[in-house]
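K.L.:
protein02.pdb is the file, holding PDB, C-alpha atoms and all ligand atoms:
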ATOM      1  CA  MET A  24     -52.871-319.586  89.906
ATOM      2  CA  GLU A  25     -49.822-317.366  89.275
ATOM      3  CA  THR A  26     -48.950-316.662  85.666
ATOM      4  CA  ALA A  27     -45.395-315.955  84.347
ATOM      5  CA  PRO A  28     -44.771-312.241  83.600
ATOM      6  CA  THR A  29     -45.299-311.351  79.981
ATOM      7  CA  LEU A  30     -42.403-310.096  77.826
ATOM      8  CA  PRO A  31     -43.629-306.456  77.654
ATOM      9  CA  PHE A  32     -43.962-306.481  81.446
ATOM     10  CA  GLN A  33     -40.393-307.823  81.817
ATOM     11  CA  ILE A  34     -39.101-305.099  79.469
ATOM     12  CA  MET A  35     -40.927-302.471  81.524
ATOM     13  CA  VAL A  36     -39.380-303.770  84.764
ATOM     14  CA  TYR A  37     -35.927-303.841  83.121
ATOM     15  CA  TRP A  38     -36.183-300.180  82.021
ATOM     16  CA  TRP A  39     -37.630-299.073  85.338
ATOM     17  CA  GLY A  40     -34.567-300.666  87.039
ATOM     18  CA  LYS A  41     -32.217-298.880  84.623
ATOM     19  CA  CYS A  42     -33.900-295.545  85.308
ATOM     20  CA  ARG A  43     -33.608-296.041  89.075
ATOM     21  CA  LEU A  44     -29.898-296.814  88.707
ATOM     22  CA  ALA A  45     -29.341-293.670  86.648
ATOM     23  CA  GLN A  46     -31.296-291.629  89.203
ATOM     24  CA  ALA A  47     -29.264-293.136  92.093
ATOM     25  CA  ALA A  48     -26.007-292.225  90.316
ATOM     26  CA  PHE A  49     -27.293-288.684  89.827
ATOM     27  CA  GLU A  50     -28.299-288.465  93.485
ATOM     28  CA  GLU A  51     -25.057-290.023  94.718
ATOM     29  CA  GLU A  52     -23.738-286.632  95.767
ATOM     30  CA  PRO A  53     -26.740-284.745  97.130
ATOM     31  CA  MET A  54     -26.227-281.030  96.608
ATOM     32  CA  SER A  55     -28.131-278.302  98.346
ATOM     33  CA  PRO A  56     -29.265-275.755  95.741
ATOM     34  CA  HIS A  57     -27.063-273.162  97.445
ATOM     35  CA  GLN A  58     -24.024-275.290  98.203
ATOM     36  CA  ILE A  59     -20.788-273.840  96.881
ATOM     37  CA  LYS A  60     -18.909-276.399  94.816
ATOM     38  CA  GLY A  61     -16.774-274.038  92.772
ATOM     39  CA  VAL A  62     -14.957-270.768  93.394
ATOM     40  CA  ILE A  63     -14.215-268.344  90.540
ATOM     41  CA  PHE A  64     -11.398-265.932  91.325
ATOM     42  CA  ASP A  65     -10.854-262.608  89.689
ATOM     43  CA  LEU A  66      -7.091-262.213  89.242
ATOM     44  CA  ASP A  67      -5.955-258.561  89.487
ATOM     45  CA  GLY A  68      -6.501-257.265  93.027
ATOM     46  CA  VAL A  69      -7.749-260.628  94.344
ATOM     47  CA  LEU A  70      -4.871-263.059  93.867
ATOM     48  CA  VAL A  71      -2.110-260.707  92.813
ATOM     49  CA  SER A  72      -1.260-257.068  93.215
ATOM     50  CA  THR A  73      -1.059-255.640  89.689
ATOM     51  CA  ASP A  74      -3.034-252.440  90.346
ATOM     52  CA  ASN A  75       0.006-250.230  90.553
ATOM     53  CA  CYS A  76       1.481-251.689  87.355
ATOM     54  CA  HIS A  77      -1.784-250.907  85.506
ATOM     55  CA  TYR A  78      -1.760-247.391  86.952
ATOM     56  CA  LEU A  79       1.881-246.735  86.016
ATOM     57  CA  GLY A  80       1.364-248.092  82.488
ATOM     58  CA  TRP A  81      -1.668-245.856  81.852
ATOM     59  CA  LYS A  82      -0.023-242.888  83.578
ATOM     60  CA  ARG A  83       3.071-243.077  81.345
ATOM     61  CA  MET A  84       0.945-243.233  78.197
ATOM     62  CA  ALA A  85      -1.402-240.439  79.390
ATOM     63  CA  ASP A  86       1.536-238.167  80.340
ATOM     64  CA  GLU A  87       3.106-238.682  76.923
ATOM     65  CA  GLU A  88      -0.213-237.688  75.317
ATOM     66  CA  GLY A  89      -0.799-234.763  77.685
ATOM     67  CA  ILE A  90      -4.023-236.317  78.995
ATOM     68  CA  PRO A  91      -4.807-235.620  82.677
ATOM     69  CA  PHE A  92      -4.892-238.937  84.592
ATOM     70  CA  ASP A  93      -4.671-239.653  88.316
ATOM     71  CA  ARG A  94      -5.309-242.413  90.867
ATOM     72  CA  GLU A  95      -8.931-241.304  91.305
ATOM     73  CA  ILE A  96      -9.683-241.870  87.609
ATOM     74  CA  ASN A  97      -7.692-245.112  87.872
ATOM     75  CA  GLN A  98     -10.254-246.474  90.385
ATOM     76  CA  ARG A  99     -12.847-246.478  87.587
ATOM     77  CA  LEU A 100     -10.668-248.849  85.520
ATOM     78  CA  ARG A 101     -10.865-251.671  88.054
ATOM     79  CA  GLY A 102     -12.302-254.802  86.429
ATOM     80  CA  VAL A 103     -13.044-253.219  83.039
ATOM     81  CA  SER A 104     -11.344-254.213  79.785
ATOM     82  CA  ARG A 105      -8.289-252.527  78.265
ATOM     83  CA  MET A 106     -10.217-250.679  75.542
ATOM     84  CA  GLU A 107     -12.985-249.578  77.942
ATOM     85  CA  SER A 108     -10.291-248.324  80.335
ATOM     86  CA  LEU A 109      -8.803-246.289  77.504
ATOM     87  CA  GLU A 110     -12.217-244.787  76.703
ATOM     88  CA  ILE A 111     -12.507-243.631  80.341
ATOM     89  CA  ILE A 112      -9.032-242.040  80.178
ATOM     90  CA  LEU A 113      -9.851-240.322  76.868
ATOM     91  CA  GLU A 114     -12.842-238.549  78.482
ATOM     92  CA  LYS A 115     -10.244-235.983  79.623
ATOM     93  CA  ALA A 116      -8.402-235.793  76.270
ATOM     94  CA  GLY A 117      -8.375-232.496  74.426
ATOM     95  CA  ARG A 118      -9.223-234.061  71.076
ATOM     96  CA  ALA A 119     -10.913-237.062  69.488
ATOM     97  CA  TYR A 120      -8.796-240.117  68.637
ATOM     98  CA  THR A 121      -9.366-242.396  65.656
ATOM     99  CA  ARG A 122      -9.887-246.122  66.105
ATOM    100  CA  GLU A 123      -6.329-246.801  64.862
ATOM    101  CA  GLU A 124      -4.889-244.232  67.264
ATOM    102  CA  LYS A 125      -6.830-245.794  70.159
ATOM    103  CA  GLU A 126      -5.494-249.227  69.303
ATOM    104  CA  ALA A 127      -1.960-247.816  69.216
ATOM    105  CA  LEU A 128      -2.436-246.091  72.612
ATOM    106  CA  ALA A 129      -3.767-249.312  74.204
ATOM    107  CA  ALA A 130      -0.885-251.296  72.720
ATOM    108  CA  ARG A 131       1.622-248.748  74.000
ATOM    109  CA  LYS A 132       0.170-248.891  77.521
ATOM    110  CA  ASN A 133       0.177-252.682  77.381
ATOM    111  CA  ALA A 134       3.858-252.740  76.407
ATOM    112  CA  TYR A 135       4.671-250.565  79.465
ATOM    113  CA  TYR A 136       2.464-252.791  81.658
ATOM    114  CA  VAL A 137       3.999-256.047  80.410
ATOM    115  CA  GLU A 138       7.457-254.612  81.112
ATOM    116  CA  LEU A 139       6.373-253.893  84.704
ATOM    117  CA  ILE A 140       4.698-257.247  85.353
ATOM    118  CA  GLY A 141       7.899-258.895  84.153
ATOM    119  CA  ASN A 142       9.082-258.156  87.694
ATOM    120  CA  LEU A 143       6.105-259.874  89.377
ATOM    121  CA  ARG A 144       7.117-262.703  91.682
ATOM    122  CA  ARG A 145       5.454-265.211  93.963
ATOM    123  CA  GLU A 146       5.877-262.591  96.747
ATOM    124  CA  ASP A 147       3.410-260.330  94.909
ATOM    125  CA  VAL A 148       0.624-262.853  95.474
ATOM    126  CA  LEU A 149      -1.810-261.154  97.874
ATOM    127  CA  PRO A 150      -2.127-262.182 101.570
ATOM    128  CA  GLY A 151      -4.004-265.450 102.095
ATOM    129  CA  ALA A 152      -4.253-266.320  98.385
ATOM    130  CA  LEU A 153      -1.908-269.325  98.335
ATOM    131  CA  ASP A 154      -3.350-270.770 101.574
ATOM    132  CA  THR A 155      -6.878-270.312 100.199
ATOM    133  CA  LEU A 156      -6.065-272.181  96.983
ATOM    134  CA  ALA A 157      -4.467-275.031  98.957
ATOM    135  CA  LEU A 158      -7.402-275.246 101.391
ATOM    136  CA  LEU A 159     -10.072-275.244  98.681
ATOM    137  CA  ARG A 160      -8.155-277.830  96.647
ATOM    138  CA  GLN A 161      -7.961-280.048  99.736
ATOM    139  CA  MET A 162     -11.723-279.643 100.287
ATOM    140  CA  GLY A 163     -12.481-280.741  96.717
ATOM    141  CA  ILE A 164     -13.782-277.332  95.625
ATOM    142  CA  ARG A 165     -13.371-276.678  91.896
ATOM    143  CA  MET A 166     -11.516-273.478  91.067
ATOM    144  CA  ALA A 167     -11.400-271.181  88.064
ATOM    145  CA  ILE A 168     -10.119-267.773  87.064
ATOM    146  CA  GLY A 169     -12.653-265.195  85.841
ATOM    147  CA  SER A 170     -10.638-262.155  84.767
ATOM    148  CA  SER A 171     -11.055-259.409  82.158
ATOM    149  CA  SER A 172      -7.294-259.350  81.636
ATOM    150  CA  ARG A 173      -5.786-260.578  78.392
ATOM    151  CA  ASN A 174      -2.497-260.859  80.278
ATOM    152  CA  THR A 175      -3.906-263.581  82.569
ATOM    153  CA  PRO A 176      -1.708-266.445  81.198
ATOM    154  CA  LEU A 177       1.421-264.294  81.519
ATOM    155  CA  ILE A 178       0.612-263.208  85.097
ATOM    156  CA  LEU A 179      -0.253-266.755  86.239
ATOM    157  CA  LYS A 180       3.026-268.014  84.800
ATOM    158  CA  GLN A 181       4.949-265.187  86.435
ATOM    159  CA  ILE A 182       3.605-266.109  89.904
ATOM    160  CA  GLY A 183       3.793-269.859  89.327
ATOM    161  CA  LEU A 184       0.022-270.506  89.432
ATOM    162  CA  GLU A 185      -0.490-271.546  85.809
ATOM    163  CA  ASP A 186      -1.544-275.089  86.841
ATOM    164  CA  ALA A 187      -3.534-274.175  89.961
ATOM    165  CA  PHE A 188      -6.983-273.918  88.312
ATOM    166  CA  ASP A 189      -9.528-276.244  86.723
ATOM    167  CA  GLY A 190     -10.507-273.597  84.197
ATOM    168  CA  ILE A 191      -9.337-270.200  83.006
ATOM    169  CA  ALA A 192     -11.849-267.680  81.661
ATOM    170  CA  ASP A 193     -10.078-264.461  80.718
ATOM    171  CA  GLY A 194     -10.148-261.418  78.464
ATOM    172  CA  ASN A 195      -8.873-263.485  75.527
ATOM    173  CA  ARG A 196     -12.000-265.643  75.546
ATOM    174  CA  ILE A 197     -14.834-263.148  75.971
ATOM    175  CA  ALA A 198     -16.515-260.474  73.878
ATOM    176  CA  ARG A 199     -18.003-258.387  76.701
ATOM    177  CA  SER A 200     -16.188-257.460  79.898
ATOM    178  CA  LYS A 201     -17.547-256.978  83.450
ATOM    179  CA  PRO A 202     -20.168-255.894  84.509
ATOM    180  CA  ASP A 203     -21.395-258.236  81.766
ATOM    181  CA  PRO A 204     -21.592-261.771  83.251
ATOM    182  CA  GLU A 205     -19.936-263.461  80.239
ATOM    183  CA  VAL A 206     -16.584-264.214  81.901
ATOM    184  CA  PHE A 207     -18.205-265.855  84.949
ATOM    185  CA  VAL A 208     -20.719-267.793  82.844
ATOM    186  CA  LEU A 209     -17.768-269.187  80.863
ATOM    187  CA  ALA A 210     -15.846-270.007  84.071
ATOM    188  CA  ALA A 211     -18.848-271.910  85.512
ATOM    189  CA  ARG A 212     -19.135-273.820  82.236
ATOM    190  CA  LEU A 213     -15.455-274.770  82.457
ATOM    191  CA  LEU A 214     -16.117-276.066  85.984
ATOM    192  CA  ALA A 215     -19.265-277.884  84.787
ATOM    193  CA  LEU A 216     -21.298-276.250  87.572
ATOM    194  CA  PRO A 217     -24.590-274.329  87.584
ATOM    195  CA  PRO A 218     -24.289-270.662  88.669
ATOM    196  CA  GLU A 219     -25.995-271.202  92.022
ATOM    197  CA  ASN A 220     -23.184-273.555  93.066
ATOM    198  CA  CYS A 221     -20.440-271.023  92.191
ATOM    199  CA  LEU A 222     -18.951-268.268  94.297
ATOM    200  CA  VAL A 223     -17.166-265.314  92.691
ATOM    201  CA  VAL A 224     -14.302-263.591  94.529
ATOM    202  CA  GLU A 225     -13.929-259.989  93.340
ATOM    203  CA  ASP A 226     -12.252-256.710  94.217
ATOM    204  CA  ALA A 227     -14.155-254.594  91.659
ATOM    205  CA  ASP A 228     -17.699-253.244  91.830
ATOM    206  CA  ALA A 229     -18.044-254.139  88.130
ATOM    207  CA  GLY A 230     -17.179-257.742  89.063
ATOM    208  CA  ILE A 231     -19.758-257.873  91.875
ATOM    209  CA  GLU A 232     -22.367-256.651  89.364
ATOM    210  CA  ALA A 233     -21.211-259.284  86.861
ATOM    211  CA  ALA A 234     -21.520-262.059  89.456
ATOM    212  CA  ALA A 235     -25.079-260.979  90.315
ATOM    213  CA  ALA A 236     -25.964-260.856  86.606
ATOM    214  CA  ALA A 237     -24.590-264.410  86.257
ATOM    215  CA  GLY A 238     -26.797-265.594  89.169
ATOM    216  CA  MET A 239     -23.789-266.196  91.442
ATOM    217  CA  ARG A 240     -23.061-265.055  94.957
ATOM    218  CA  ALA A 241     -19.925-262.995  95.557
ATOM    219  CA  LEU A 242     -17.247-262.479  98.137
ATOM    220  CA  GLY A 243     -16.013-258.896  97.943
ATOM    221  CA  VAL A 244     -12.379-258.351  98.933
ATOM    222  CA  GLY A 245     -10.142-255.273  98.950
ATOM    223  CA  PHE A 246     -11.894-252.366  97.261
ATOM    224  CA  ALA A 247     -15.133-254.409  96.942
ATOM    225  CA  SER A 248     -15.198-255.213 100.673
ATOM    226  CA  ALA A 249     -17.366-252.079 100.933
ATOM    227  CA  ASN A 250     -19.847-253.337  98.329
ATOM    228  CA  HIS A 251     -23.071-254.337 100.068
ATOM    229  CA  LYS A 252     -24.224-256.375  97.090
ATOM    230  CA  ALA A 253     -21.559-258.968  97.994
ATOM    231  CA  ALA A 254     -22.904-261.862 100.092
ATOM    232  CA  TRP A 255     -19.627-261.949 102.068
ATOM    233  CA  ARG A 256     -16.953-259.272 102.520
ATOM    234  CA  ALA A 257     -13.352-259.307 103.746
ATOM    235  CA  GLY A 258     -10.300-257.058 103.607
ATOM    236  CA  ASN A 259      -8.292-259.808 101.908
ATOM    237  CA  LEU A 260      -8.298-263.591 101.479
ATOM    238  CA  ALA A 261      -6.376-264.110 104.734
ATOM    239  CA  GLU A 262      -9.438-262.826 106.650
ATOM    240  CA  VAL A 263     -12.007-265.143 105.055
ATOM    241  CA  ASP A 264     -13.844-267.756 107.131
ATOM    242  CA  TRP A 265     -14.293-270.478 104.479
ATOM    243  CA  THR A 266     -16.111-272.848 106.864
ATOM    244  CA  GLN A 267     -18.931-270.324 107.126
ATOM    245  CA  ILE A 268     -19.099-269.755 103.364
ATOM    246  CA  LEU A 269     -18.911-273.422 102.386
ATOM    247  CA  THR A 270     -21.409-274.735 104.936
ATOM    248  CA  PRO A 271     -24.605-275.533 102.973
ATOM    249  CA  VAL A 272     -27.616-273.434 103.989
TER     250      VAL A 272
HETATM  251  C1  LIG A 301      -8.667-256.272  84.934
HETATM  252  C2  LIG A 301      -8.153-255.023  85.616
HETATM  253  O1  LIG A 301      -8.370-257.384  85.685
HETATM  254  O2  LIG A 301      -8.072-256.401  83.651
HETATM  255  C3  LIG A 301      -8.401-253.812  84.732
HETATM  256  O3  LIG A 301      -8.827-254.842  86.857
HETATM  257  C4  LIG A 301      -7.780-254.024  83.365
HETATM  258  O4  LIG A 301      -7.893-252.659  85.357
HETATM  259  C5  LIG A 301      -8.320-255.324  82.760
HETATM  260  O5  LIG A 301      -8.063-252.932  82.515
HETATM  261  C6  LIG A 301      -7.714-255.633  81.404
HETATM  262  O6  LIG A 301      -6.360-255.961  81.569
HETATM  263  P1  LIG A 301      -5.349-256.259  80.385
HETATM  264  O7  LIG A 301      -4.225-256.997  81.081
HETATM  265  O8  LIG A 301      -6.048-257.128  79.389
HETATM  266  O9  LIG A 301      -4.932-254.970  79.806
HETATM  267 MG    MG A 302      -9.806-257.242  89.974
END
Would you write the structure of this file as structure tokens?
Ligand code: BG6
Ligand code: MG

P.N.:
Amino acid sequence: METAPTLPFQIMVYWWGKCRLAQAAFEEEPMSPHQIKGVIFDLDGVLVSTDNCHYLGWKRMADEEGIPFDREINQRLRGVSRMESLEIILEKAGRAYTREEKEALAARKNAYYVELIGNLRREDVLPGALDTLALLRQMGIRMAIGSSSRNTPLILKQIGLEDAFDGIADGNRIARSKPDPEVFVLAARLLALPPENCLVVEDADAGIEAAAAAGMRALGVGFASANHKAAWRAGNLAEVDWTQILTPV
């Protein structure tokens, strides 16, 4: 003879059902561990051409101080913070500078730089960048900025991309700049994605290192298209085959 289920048994069945529902919701969107769901873009040299403005700003300050500085030294500044860039430039200085003097030199360079980027326009956005943002948006890929620059908000406004991203991690929000992974870890957090589902797009070797340290794969463009640590490489964003990158493996 069948007996009616006891109350504890009914409670157990009820909770088992609840757990299954929660699990189903979690599994609703199956994600391969390597599937790219978010793209984190470096800004300078990836989306917009600001390299020359940085160079001219530093060059003006260095000339005024009588410190030798050229485009070769400038290559070492790619991706690193303002103060670390200054330290690299001061390697060639004839004397030591105090902390206050260094802050004044960095501020002076930044004033020259901000004056120059005041002329940035939508036309200064690098080849393929706008089409890439539109395509990824259409595909439902989350997008963030991961830049060492404290001028990120100003630059994005200048080129009309201030509302194009789901998260902005920049030099104003981090303590350690690339090759430290902090900026990309913050960007992934803003996108609510684990590192393995994020792709970093970078033009600096320091940025490729930072992506690896964050546990993310990287697409090297421009200067970093020669970096063999990048999972994908392209001259610029116009050359990228996104179908290949976004197809789960
Ligand atoms: C990076 C540039 O994006 O930003 C570096 O590649 C620069 O060259 C760094 O030093 C910091 O920029 P900012 O705008 O904060 O002086
Ligand atoms: Mg860059």

K.L.:
Evaluated on this file, the PyMOL selection byres (((chain A and resi 185-192) around 6) and not hetatm) picks out some residues - which ones are they, written as an mmCIF file with C-alpha atoms, in the coordinates of the input?

P.N.:
data_model
loop_
_atom_site.group_PDB
_atom_site.id
_atom_site.type_symbol
_atom_site.label_atom_id
_atom_site.label_comp_id
_atom_site.auth_asym_id
_atom_site.auth_seq_id
_atom_site.Cartn_x
_atom_site.Cartn_y
_atom_site.Cartn_z
ATOM 1 C CA MET A 166 -11.516 -273.478 91.067
ATOM 2 C CA ALA A 167 -11.400 -271.181 88.064
ATOM 3 C CA ILE A 168 -10.119 -267.773 87.064
ATOM 4 C CA GLY A 169 -12.653 -265.195 85.841
ATOM 5 C CA LEU A 179 -0.253 -266.755 86.239
ATOM 6 C CA LYS A 180 3.026 -268.014 84.800
ATOM 7 C CA GLY A 183 3.793 -269.859 89.327
ATOM 8 C CA LEU A 184 0.022 -270.506 89.432
ATOM 9 C CA ASP A 193 -10.078 -264.461 80.718
ATOM 10 C CA VAL A 206 -16.584 -264.214 81.901
ATOM 11 C CA ALA A 210 -15.846 -270.007 84.071
ATOM 12 C CA LEU A 213 -15.455 -274.770 82.457
#

K.L.:
For stretch 172-174 of chain A, find every residue with an atom within 12 Å (counting only C-alpha atoms), except residues of its own chain fewer than 4 positions away, and show them as JSON, numbers by chain.

P.N.:
{"A": [65, 66, 67, 68, 73, 74, 77, 100, 101, 102, 103, 104, 105, 106, 107, 108, 130, 133, 134, 136, 137, 138, 140, 141, 168, 178, 179, 180, 181, 191, 192, 193, 194, 195, 196, 197, 198, 199, 200, 201, 206]}

K.L.:
Generate a file of the selected residues that holds C-alpha atoms, formatted as a PDB file, in the coordinates of the input.

P.N.:
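The file below, selection.pdb, is the result:
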ATOM      1  CA  ASP A  65     -10.854-262.608  89.689  1.00  0.00           C
ATOM      2  CA  LEU A  66      -7.091-262.213  89.242  1.00  0.00           C
ATOM      3  CA  ASP A  67      -5.955-258.561  89.487  1.00  0.00           C
ATOM      4  CA  GLY A  68      -6.501-257.265  93.027  1.00  0.00           C
ATOM      5  CA  THR A  73      -1.059-255.640  89.689  1.00  0.00           C
ATOM      6  CA  ASP A  74      -3.034-252.440  90.346  1.00  0.00           C
ATOM      7  CA  HIS A  77      -1.784-250.907  85.506  1.00  0.00           C
ATOM      8  CA  LEU A 100     -10.668-248.849  85.520  1.00  0.00           C
ATOM      9  CA  ARG A 101     -10.865-251.671  88.054  1.00  0.00           C
ATOM     10  CA  GLY A 102     -12.302-254.802  86.429  1.00  0.00           C
ATOM     11  CA  VAL A 103     -13.044-253.219  83.039  1.00  0.00           C
ATOM     12  CA  SER A 104     -11.344-254.213  79.785  1.00  0.00           C
ATOM     13  CA  ARG A 105      -8.289-252.527  78.265  1.00  0.00           C
ATOM     14  CA  MET A 106     -10.217-250.679  75.542  1.00  0.00           C
ATOM     15  CA  GLU A 107     -12.985-249.578  77.942  1.00  0.00           C
ATOM     16  CA  SER A 108     -10.291-248.324  80.335  1.00  0.00           C
ATOM     17  CA  ALA A 130      -0.885-251.296  72.720  1.00  0.00           C
ATOM     18  CA  ASN A 133       0.177-252.682  77.381  1.00  0.00           C
ATOM     19  CA  ALA A 134       3.858-252.740  76.407  1.00  0.00           C
ATOM     20  CA  TYR A 136       2.464-252.791  81.658  1.00  0.00           C
ATOM     21  CA  VAL A 137       3.999-256.047  80.410  1.00  0.00           C
ATOM     22  CA  GLU A 138       7.457-254.612  81.112  1.00  0.00           C
ATOM     23  CA  ILE A 140       4.698-257.247  85.353  1.00  0.00           C
ATOM     24  CA  GLY A 141       7.899-258.895  84.153  1.00  0.00           C
ATOM     25  CA  ILE A 168     -10.119-267.773  87.064  1.00  0.00           C
ATOM     26  CA  ILE A 178       0.612-263.208  85.097  1.00  0.00           C
ATOM     27  CA  LEU A 179      -0.253-266.755  86.239  1.00  0.00           C
ATOM     28  CA  LYS A 180       3.026-268.014  84.800  1.00  0.00           C
ATOM     29  CA  GLN A 181       4.949-265.187  86.435  1.00  0.00           C
ATOM     30  CA  ILE A 191      -9.337-270.200  83.006  1.00  0.00           C
ATOM     31  CA  ALA A 192     -11.849-267.680  81.661  1.00  0.00           C
ATOM     32  CA  ASP A 193     -10.078-264.461  80.718  1.00  0.00           C
ATOM     33  CA  GLY A 194     -10.148-261.418  78.464  1.00  0.00           C
ATOM     34  CA  ASN A 195      -8.873-263.485  75.527  1.00  0.00           C
ATOM     35  CA  ARG A 196     -12.000-265.643  75.546  1.00  0.00           C
ATOM     36  CA  ILE A 197     -14.834-263.148  75.971  1.00  0.00           C
ATOM     37  CA  ALA A 198     -16.515-260.474  73.878  1.00  0.00           C
ATOM     38  CA  ARG A 199     -18.003-258.387  76.701  1.00  0.00           C
ATOM     39  CA  SER A 200     -16.188-257.460  79.898  1.00  0.00           C
ATOM     40  CA  LYS A 201     -17.547-256.978  83.450  1.00  0.00           C
ATOM     41  CA  VAL A 206     -16.584-264.214  81.901  1.00  0.00           C
TER      42      VAL A 206
END

K.L.:
I need the residue nearest ligand MG 302 (chain A) from this list: A:Ala229, A:Ala129, A:Ile112, A:Ala211. Use all atoms listed in the file for the distance.

P.N.:
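The answer is A:Ala229, which sits nearest to ligand MG 302 (chain A).
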
K.L.:
Taking into account only C-alpha atoms, which residue in the set A:Leu222, A:Val62, A:Cys76, A:Leu113 is nearest to A:Thr155?

P.N.:
A:Val62

K.L.:
Please write as a VMD selection string the full residue list that the PyMOL selection byres (((chain A and resi 239) around 7) and not hetatm) yields on this file.

P.N.:
chain A and resid 218 to 219 221 to 223 234 to 235 237 to 238 240 to 241

K.L.:
Which residues match the PyMOL selection byres (((chain A and resi 253-263) around 8) and not hetatm) in the file above, as a CSV table (one decimal) with C-alpha atoms, in the coordinates of the input?

P.N.:
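Below is the file expr-v8.csv, written as the result:
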chain,number,residue,atom,x,y,z
A,69,VAL,CA,-7.7,-260.6,94.3
A,149,LEU,CA,-1.8,-261.2,97.9
A,150,PRO,CA,-2.1,-262.2,101.6
A,151,GLY,CA,-4.0,-265.4,102.1
A,152,ALA,CA,-4.3,-266.3,98.4
A,154,ASP,CA,-3.4,-270.8,101.6
A,155,THR,CA,-6.9,-270.3,100.2
A,231,ILE,CA,-19.8,-257.9,91.9
A,240,ARG,CA,-23.1,-265.1,95.0
A,241,ALA,CA,-19.9,-263.0,95.6
A,242,LEU,CA,-17.2,-262.5,98.1
A,243,GLY,CA,-16.0,-258.9,97.9
A,244,VAL,CA,-12.4,-258.4,98.9
A,245,GLY,CA,-10.1,-255.3,99.0
A,247,ALA,CA,-15.1,-254.4,96.9
A,248,SER,CA,-15.2,-255.2,100.7
A,249,ALA,CA,-17.4,-252.1,100.9
A,250,ASN,CA,-19.8,-253.3,98.3
A,251,HIS,CA,-23.1,-254.3,100.1
A,252,LYS,CA,-24.2,-256.4,97.1
A,264,ASP,CA,-13.8,-267.8,107.1
A,265,TRP,CA,-14.3,-270.5,104.5
A,268,ILE,CA,-19.1,-269.8,103.4

K.L.:
Mind working out the centre and edge lengths of an axis-aligned box for stretch 115-134 of chain A, all listed atoms inside, 3 Å added to each side, rounded to one decimal in Å and written as AutoDock Vina command-line options?

P.N.:
--center_x -3.5 --center_y -242.6 --center_z 72.2 --size_x 20.8 --size_y 26.2 --size_z 20.8

K.L.:
Taking all atoms listed in the file into account, name the residue in A:Gly80, A:Asp147, A:Ala233, A:Ala119 that is nearest to ligand LIG 301 (chain A).

P.N.:
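Nearest candidate to ligand LIG 301 (chain A) out of A:Gly80, A:Asp147, A:Ala233, A:Ala119: A:Gly80.
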
K.L.:
I'd like to know which of A:Arg122, A:Lys115, A:Arg212, A:Arg94 is closest to ligand LIG 301 (chain A), using all atoms listed in the file.

P.N.:
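That would be A:Arg94, the residue with the smallest distance to ligand LIG 301 (chain A).
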
K.L.:
Between atom CA of A:Met84 and atom CA of A:Arg131, measure the distance and give it in Å to one decimal.

P.N.:
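One can read the atom CA of A:Met84 to atom CA of A:Arg131 distance as 7.0 Å.
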